[in-house]
file data-v8.cif (mmCIF, C-alpha atoms)
data_upload
loop_
_atom_site.label_atom_id
_atom_site.label_comp_id
_atom_site.auth_asym_id
_atom_site.auth_seq_id
_atom_site.Cartn_x
_atom_site.Cartn_y
_atom_site.Cartn_z
CA MET A 127 105.92 107.43 102.37
CA LYS A 128 102.15 106.81 102.49
CA THR A 129 99.90 107.03 99.46
CA ASN A 130 96.15 107.02 98.90
CA ASN A 131 96.28 103.62 97.20
CA LEU A 132 94.51 101.65 99.97
CA ILE A 133 93.49 98.03 99.63
CA LYS A 134 91.68 95.87 102.18
CA VAL A 135 92.55 92.19 102.00
CA CYS A 136 92.60 89.01 104.07
CA GLY A 137 95.46 86.59 104.35
CA SER A 138 97.84 84.81 106.67
CA ILE A 139 101.27 85.22 108.22
CA THR A 140 103.34 82.22 109.34
CA LYS A 141 106.32 82.49 111.64
CA ARG A 142 108.36 80.52 114.16
CA GLU A 143 107.58 82.20 117.46
CA SER A 144 108.99 81.93 120.96
CA MET A 145 106.07 81.04 123.23
CA ALA A 146 105.37 81.19 126.96
CA SER A 147 102.41 79.85 128.90
CA GLY A 148 100.12 82.54 130.23
CA THR A 149 100.27 82.95 134.00
CA TYR A 150 97.77 85.78 134.06
CA ASN A 151 94.31 86.01 135.59
CA ILE A 152 92.66 83.50 133.26
CA LEU A 153 89.61 81.31 133.72
CA LYS A 154 89.99 77.91 135.36
CA ASN A 155 90.39 75.02 132.92
CA THR A 156 91.53 77.28 130.07
CA CYS A 157 94.94 77.85 128.49
CA VAL A 158 96.60 81.02 127.21
CA ALA A 159 100.04 81.55 125.66
CA GLU A 160 102.02 84.64 124.72
CA ALA A 161 104.46 85.25 121.87
CA ASN A 162 107.06 86.59 124.25
CA PHE A 163 109.94 87.52 121.86
CA PRO A 164 108.22 89.55 119.13
CA TYR A 165 110.23 90.34 115.99
CA SER A 166 113.26 88.51 117.33
CA GLY A 167 114.93 88.64 113.91
CA TYR A 168 115.03 92.42 114.23
CA TYR A 169 115.76 92.95 117.91
CA GLY A 170 117.75 89.77 118.52
CA SER A 171 116.14 89.65 121.96
CA VAL A 172 113.23 91.22 123.78
CA PRO A 173 113.19 94.97 123.04
CA GLU A 174 113.62 97.29 126.01
CA GLN A 175 110.08 98.60 125.64
CA ALA A 176 108.09 95.97 123.80
CA ASP A 177 104.60 96.63 122.52
CA LEU A 178 101.82 94.51 123.94
CA ASN A 179 102.48 91.02 122.66
CA SER A 180 100.14 88.62 120.90
CA LEU A 181 98.05 86.40 123.17
CA PHE A 182 96.64 83.06 122.06
CA LEU A 183 93.43 81.81 123.67
CA PHE A 184 93.40 78.08 122.91
CA THR A 185 90.13 76.64 121.64
CA THR A 186 88.71 73.14 121.27
CA HIS A 187 88.50 73.51 117.49
CA TYR A 188 89.48 75.89 114.71
CA TYR A 189 87.30 78.98 114.38
CA SER A 190 87.26 80.56 110.93
CA LEU A 191 88.20 84.20 110.46
CA GLU A 192 84.56 85.03 109.80
CA GLU A 193 83.55 83.41 113.11
CA VAL A 194 86.29 85.19 115.10
CA LEU A 195 85.48 88.60 113.62
CA ARG A 196 81.78 88.05 114.28
CA ILE A 197 82.53 87.19 117.92
CA ALA A 198 84.68 90.33 118.31
CA GLN A 199 81.98 92.52 116.78
CA ASN A 200 79.48 91.21 119.30
CA ILE A 201 81.65 91.90 122.37
CA ASP A 202 83.02 95.36 121.65
CA SER A 203 82.28 96.53 125.20
CA CYS A 204 84.31 93.73 126.80
CA TYR A 205 87.82 95.23 126.83
CA MET A 206 87.81 95.05 123.03
CA GLU A 207 87.93 98.72 122.01
CA LYS A 208 91.39 98.63 120.41
CA VAL A 209 91.98 94.89 120.31
CA ASN A 210 92.98 93.20 117.06
CA VAL A 211 91.65 89.65 116.73
CA ALA A 212 92.46 86.86 114.32
CA THR A 213 92.28 83.10 114.07
CA ALA A 214 95.41 81.04 114.57
CA SER A 215 96.90 77.57 114.45
CA LEU A 216 100.01 76.68 116.46
CA ASP A 217 102.27 73.76 115.56
CA PHE A 218 104.50 72.73 118.48
CA VAL A 219 105.93 69.82 116.40
CA HIS A 220 104.41 67.12 118.61
CA HIS A 221 101.12 68.92 119.23
CA LYS A 222 98.95 71.19 117.09
CA TYR A 223 96.34 73.54 118.48
CA SER A 224 93.83 76.14 117.37
CA ALA A 225 93.46 79.51 119.04
CA ILE A 226 91.99 82.97 118.89
CA ARG A 227 94.84 85.46 118.51
CA VAL A 228 94.35 88.67 120.53
CA LYS A 229 96.67 91.63 120.05
CA TYR A 230 96.84 95.03 121.80
CA PHE A 231 94.92 93.79 124.84
CA THR A 232 95.80 96.47 127.35
CA ASP A 233 95.17 94.81 130.72
CA TYR A 234 96.32 91.23 131.19
CA GLU A 235 94.59 91.14 134.60
CA HIS A 236 91.26 91.23 132.76
CA ILE A 237 91.86 88.36 130.35
CA HIS A 238 89.35 86.26 132.31
CA LEU A 239 86.67 88.84 131.54
CA LEU A 240 87.45 88.65 127.83
CA GLN A 241 87.29 84.86 128.02
CA THR A 242 83.92 85.06 129.78
CA CYS A 243 82.56 87.26 127.00
CA CYS A 244 83.87 84.80 124.39
CA ILE A 245 82.19 81.89 126.16
CA LYS A 246 78.90 83.81 126.19
CA ALA A 247 79.36 84.24 122.42
CA GLY A 248 79.71 80.46 122.02
CA VAL A 249 83.49 79.94 122.10
CA GLU A 250 84.70 76.65 123.55
CA PHE A 251 88.14 76.90 125.15
CA ALA A 252 90.62 74.02 125.39
CA LYS A 253 91.16 72.69 128.89
CA LYS A 254 94.67 71.31 128.42
CA VAL A 255 97.51 72.40 126.13
CA HIS A 256 101.20 71.44 126.05
CA VAL A 257 103.06 74.69 125.34
CA SER A 258 106.66 74.25 124.19
CA ASP A 259 109.29 76.96 123.83
CA PHE A 260 108.64 77.46 120.11
CA ALA A 261 105.81 76.99 117.64
CA PHE A 262 105.16 77.64 113.99
CA VAL A 263 102.23 80.03 114.25
CA ARG A 264 99.88 80.73 111.34
CA VAL A 265 97.66 83.75 111.92
CA THR A 266 94.81 84.51 109.51
CA LYS A 267 93.59 88.09 109.64
CA CYS A 268 92.51 91.14 107.67
CA PHE A 269 94.92 93.81 106.47
CA VAL A 270 94.65 97.39 105.28
CA LEU A 271 97.58 98.03 102.94
CA GLU A 272 98.92 100.88 100.85
CA GLU A 273 100.64 99.94 97.62
CA LEU A 274 103.79 102.00 97.18
CA GLU A 275 105.05 100.29 94.05
CA GLU A 276 104.10 97.10 92.26
CA GLY A 277 104.50 94.28 94.74
CA ILE A 278 105.52 96.57 97.62
CA TYR A 279 103.07 97.52 100.37
CA ILE A 280 103.02 99.11 103.82
CA ASP A 281 100.57 98.38 106.61
CA ASN A 282 98.07 101.19 107.15
CA LYS A 283 97.08 99.97 110.63
CA GLU A 284 100.32 98.75 112.19
CA ASP A 285 103.52 100.79 112.26
CA HIS A 286 106.88 99.51 111.00
CA LYS A 287 105.38 96.74 108.82
CA GLY A 288 105.71 96.30 105.07
CA TYR A 289 104.92 93.50 102.64
CA ILE A 290 106.61 92.37 99.45
CA THR A 291 105.41 89.83 96.91
CA ILE A 292 107.57 86.86 96.00
CA PRO A 293 107.30 84.72 92.83
CA LYS A 294 106.28 81.45 94.48
CA GLN A 295 105.68 79.68 97.77
CA ILE A 296 108.79 78.32 99.50
CA SER A 297 109.37 76.04 102.48
CA ASN A 298 110.24 77.23 105.98
CA SER A 299 113.77 75.86 105.67
CA GLU A 300 114.33 77.55 102.29
CA PHE A 301 113.05 80.82 103.71
CA SER A 302 115.36 80.58 106.72
CA ASP A 303 118.40 79.87 104.52
CA ILE A 304 117.60 82.81 102.21
CA LEU A 305 117.19 85.21 105.15
CA ILE A 306 120.54 84.19 106.61
CA ASP A 307 122.21 84.79 103.25
CA ILE A 308 120.55 88.22 102.83
CA ARG A 309 121.53 89.34 106.32
CA ASN A 310 125.13 88.17 105.92
CA ASN A 311 125.84 89.21 102.35
CA THR A 312 123.87 92.36 101.50
CA ASP A 313 123.52 95.95 102.65
CA CYS A 314 119.80 95.58 103.47
CA LYS A 315 119.47 97.05 106.96
CA LEU A 316 118.31 95.09 110.00
CA PHE A 317 114.81 93.63 109.71
CA ASP A 318 112.53 90.84 110.87
CA ALA A 319 110.66 88.76 108.29
CA ALA A 320 107.83 86.24 108.10
CA MET A 321 106.18 84.39 105.25
CA GLY A 322 102.58 84.96 104.30
CA ALA A 323 99.93 84.93 101.62
CA MET A 324 97.08 87.28 100.74
CA ILE A 325 94.11 87.16 98.41
CA ILE A 326 94.28 90.22 96.15
CA ASN A 327 91.87 90.60 93.25
CA SER A 328 90.76 86.98 93.74
CA GLN A 329 94.34 85.72 93.32
CA VAL A 330 96.62 84.27 95.98
CA LYS A 331 99.81 86.31 96.30
CA ASP A 332 102.76 84.86 98.21
CA MET A 333 104.20 87.54 100.46
CA VAL A 334 106.90 88.28 102.98
CA ARG A 335 106.08 90.56 105.89
CA ILE A 336 108.94 92.87 106.89
CA PHE A 337 109.25 94.56 110.28
CA SER A 338 111.71 97.40 110.86
CA GLU A 339 111.64 100.56 112.93
CA ASN A 340 113.48 102.16 110.00
CA LEU A 341 111.03 100.90 107.38
CA ASN A 342 111.09 102.71 104.02
CA VAL A 343 110.71 101.98 100.33
CA GLN A 344 114.45 101.58 99.82
CA LEU A 345 114.67 98.85 102.47
CA LEU A 346 111.67 97.00 101.05
CA LYS A 347 113.09 97.20 97.51
CA CYS A 348 116.48 95.98 98.74
CA ILE A 349 114.98 92.94 100.46
CA LYS A 350 112.58 92.19 97.60
CA GLU A 351 115.38 92.24 95.03
CA ARG A 352 117.50 89.80 97.04
CA LEU A 353 114.57 87.55 97.91
CA VAL A 354 113.30 87.25 94.35
CA LYS A 355 116.79 86.57 93.00
CA SER A 356 117.43 83.86 95.59
CA ILE A 357 114.05 82.19 95.06
CA LEU A 358 114.35 82.11 91.29
CA ASN A 359 117.85 80.64 91.54
CA LYS A 360 116.64 77.69 93.63
#
call {"tool": "encode", "arguments": {"input": "data-v8.cif", "output": "structure tokens"}}
result
Amino acid sequence: MKTNNLIKVCGSITKRESMASGTYNILKNTCVAEANFPYSGYYGSVPEQADLNSLFLFTTHYYSLEEVLRIAQNIDSCYMEKVNVATASLDFVHHKYSAIRVKYFTDYEHIHLLQTCCIKAGVEFAKKVHVSDFAFVRVTKCFVLEELEEGIYIDNKEDHKGYITIPKQISNSEFSDILIDIRNNTDCKLFDAAMGAMIINSQVKDMVRIFSENLNVQLLKCIKERLVKSILNK
């Protein structure tokens, strides 16, 4: 399914996530949360053997993607060999927070060491955070994509993820309604989806990220066709 048509872009993914407060070995007077039901739209519940989940290290203010990547580059020896970092904002309805998103961190017992390295790099961590069961999480990160067809991409770095362009930005409620309709009334196989946007060739492209362990071009085309039709009919 892969091609040689690689593009490197930056953008964001926004999704309603189930969250849990971190009870790991973290530094005193800091707060960590975990997205504990990843890809719930696909699995319906926690998968039997989940990958390492996304961790959110809450900060006193929003760090730009450039700042977060610079910090990660400067602490490569601090349990960061395979870690994927990004900047994030979490909206818990009544409270909004900024965080550094850390993915593929292999040893939760050493989170305090990662935090210590971040502090040495100048990061200021939040001392108090009210973590609710759910949050709308916006993660801004870099992507390496392969374009399969116009407006259809797969992730070159993360398995089971594809991206499809949509004609315009839509609200969270509109997106939720469209997904329910697609899942109930089409033959597109089981998938999880999240809204996003990427800057490609200096233009903002509204996207939908698709997760499926059975990801292929046919599934992405099926979902794209239904999404575009529903959006244009609104």
call {"tool": "atom_distance", "arguments": {"input": "data-v8.cif", "atom1": "CA of Lys134 (chain A)", "atom2": "CA of Ile280 (chain A)"}}
result
11.9 Å
call {"tool": "residues_around", "arguments": {"input": "data-v8.cif", "residues": "Phe301 (chain A)", "least_positions_apart": "2", "cutoff": "12 Å", "atoms": "all atoms listed in the file", "output": "PyMOL selection string"}}
result
chain A and resi 140-142+292+294-299+303-308+319-322+333-334+353-354+356-357+360
call {"tool": "atom_distance", "arguments": {"input": "data-v8.cif", "atom1": "CA of Lys350 (chain A)", "atom2": "CA of Ser328 (chain A)"}}
result
22.8 Å
call {"tool": "resolve_selection", "arguments": {"input": "data-v8.cif", "expression": "the PyMOL selection byres ((chain A and resi 235-238) around 6)", "output": "ChimeraX atom specification"}}
result
/A:151-153,233-234,239-241
call {"tool": "write_last_selection", "arguments": {"input": "data-v8.cif", "atoms": "C-alpha atoms", "output": "short mmCIF file (atom, residue, chain, number, x, y, z; two decimals), in the coordinates of the input"}}
result
data_model
loop_
_atom_site.label_atom_id
_atom_site.label_comp_id
_atom_site.auth_asym_id
_atom_site.auth_seq_id
_atom_site.Cartn_x
_atom_site.Cartn_y
_atom_site.Cartn_z
CA ASN A 151 94.31 86.01 135.59
CA ILE A 152 92.66 83.50 133.26
CA LEU A 153 89.61 81.31 133.72
CA ASP A 233 95.17 94.81 130.72
CA TYR A 234 96.32 91.23 131.19
CA LEU A 239 86.67 88.84 131.54
CA LEU A 240 87.45 88.65 127.83
CA GLN A 241 87.29 84.86 128.02
#
call {"tool": "resolve_selection", "arguments": {"input": "data-v8.cif", "expression": "the PyMOL selection byres ((chain A and resi 223-232) around 6)", "output": "list in words"}}
result
Leu178, Ser180, Leu181, Phe182, Leu183, Phe184, Thr185, His187, Tyr188, Val209, Asn210, Val211, Ala212, Thr213, Ala214, Ser215, Leu216, Lys222 and Asp233 of chain A
call {"tool": "atom_distance", "arguments": {"input": "data-v8.cif", "atom1": "CA of Thr156 (chain A)", "atom2": "CA of Ala252 (chain A)"}}
result
5.8 Å
call {"tool": "closest_residue", "arguments": {"input": "data-v8.cif", "among": "A:Lys355, A:Lys347, A:Lys208, A:His220", "to": "Cys314 (chain A)", "atoms": "all atoms listed in the file"}}
result
A:Lys347
call {"tool": "residues_around", "arguments": {"input": "data-v8.cif", "residues": "Ser138 (chain A)", "least_positions_apart": "5", "cutoff": "9 Å", "atoms": "only C-alpha atoms", "output": "ChimeraX atom specification"}}
result
/A:264-268,321-324
call {"tool": "residues_around", "arguments": {"input": "data-v8.cif", "residues": "Ile326 (chain A)", "least_positions_apart": "6", "cutoff": "10 Å", "atoms": "only C-alpha atoms", "output": "PyMOL selection string"}}
result
chain A and resi 133-137
call {"tool": "closest_residue", "arguments": {"input": "data-v8.cif", "among": "A:Asn131, A:Asn327, A:Thr312, A:Asn162", "to": "Cys348 (chain A)", "atoms": "only C-alpha atoms"}}
result
A:Thr312
call {"tool": "closest_residue", "arguments": {"input": "data-v8.cif", "among": "A:Leu132, A:Lys331, A:Cys204, A:Val257", "to": "Glu160 (chain A)", "atoms": "only C-alpha atoms"}}
result
A:Val257
call {"tool": "resolve_selection", "arguments": {"input": "data-v8.cif", "expression": "the PyMOL selection byres ((chain A and resi 289) around 8)", "output": "number ranges by chain"}}
result
A: 277-281, 287-288, 290-291, 333-336, 346
call {"tool": "residues_around", "arguments": {"input": "data-v8.cif", "residues": "region 282-284 of chain A", "least_positions_apart": "3", "cutoff": "9 Å", "atoms": "only C-alpha atoms", "output": "list of chain:residue names"}}
result
A:Lys128, A:Leu132, A:Phe269, A:Val270, A:Leu271, A:Glu272, A:Lys287
call {"tool": "axis_aligned_box", "arguments": {"input": "data-v8.cif", "around": "region 248-267 of chain A", "padding_each_side": "6 Å", "output": "lines of an AutoDock Vina configuration file"}}
result
center_x = 94.5
center_y = 79.7
center_z = 119.2
size_x = 41.6
size_y = 28.8
size_z = 31.4
call {"tool": "residues_around", "arguments": {"input": "data-v8.cif", "residues": "His221 (chain A)", "least_positions_apart": "2", "cutoff": "10 Å", "atoms": "all atoms listed in the file", "output": "PyMOL selection string"}}
result
chain A and resi 216-219+223+255-258+261
call {"tool": "closest_residue", "arguments": {"input": "data-v8.cif", "among": "A:Val330, A:Ile139, A:Ile325, A:Ala159", "to": "Phe260 (chain A)", "atoms": "only C-alpha atoms"}}
result
A:Ala159
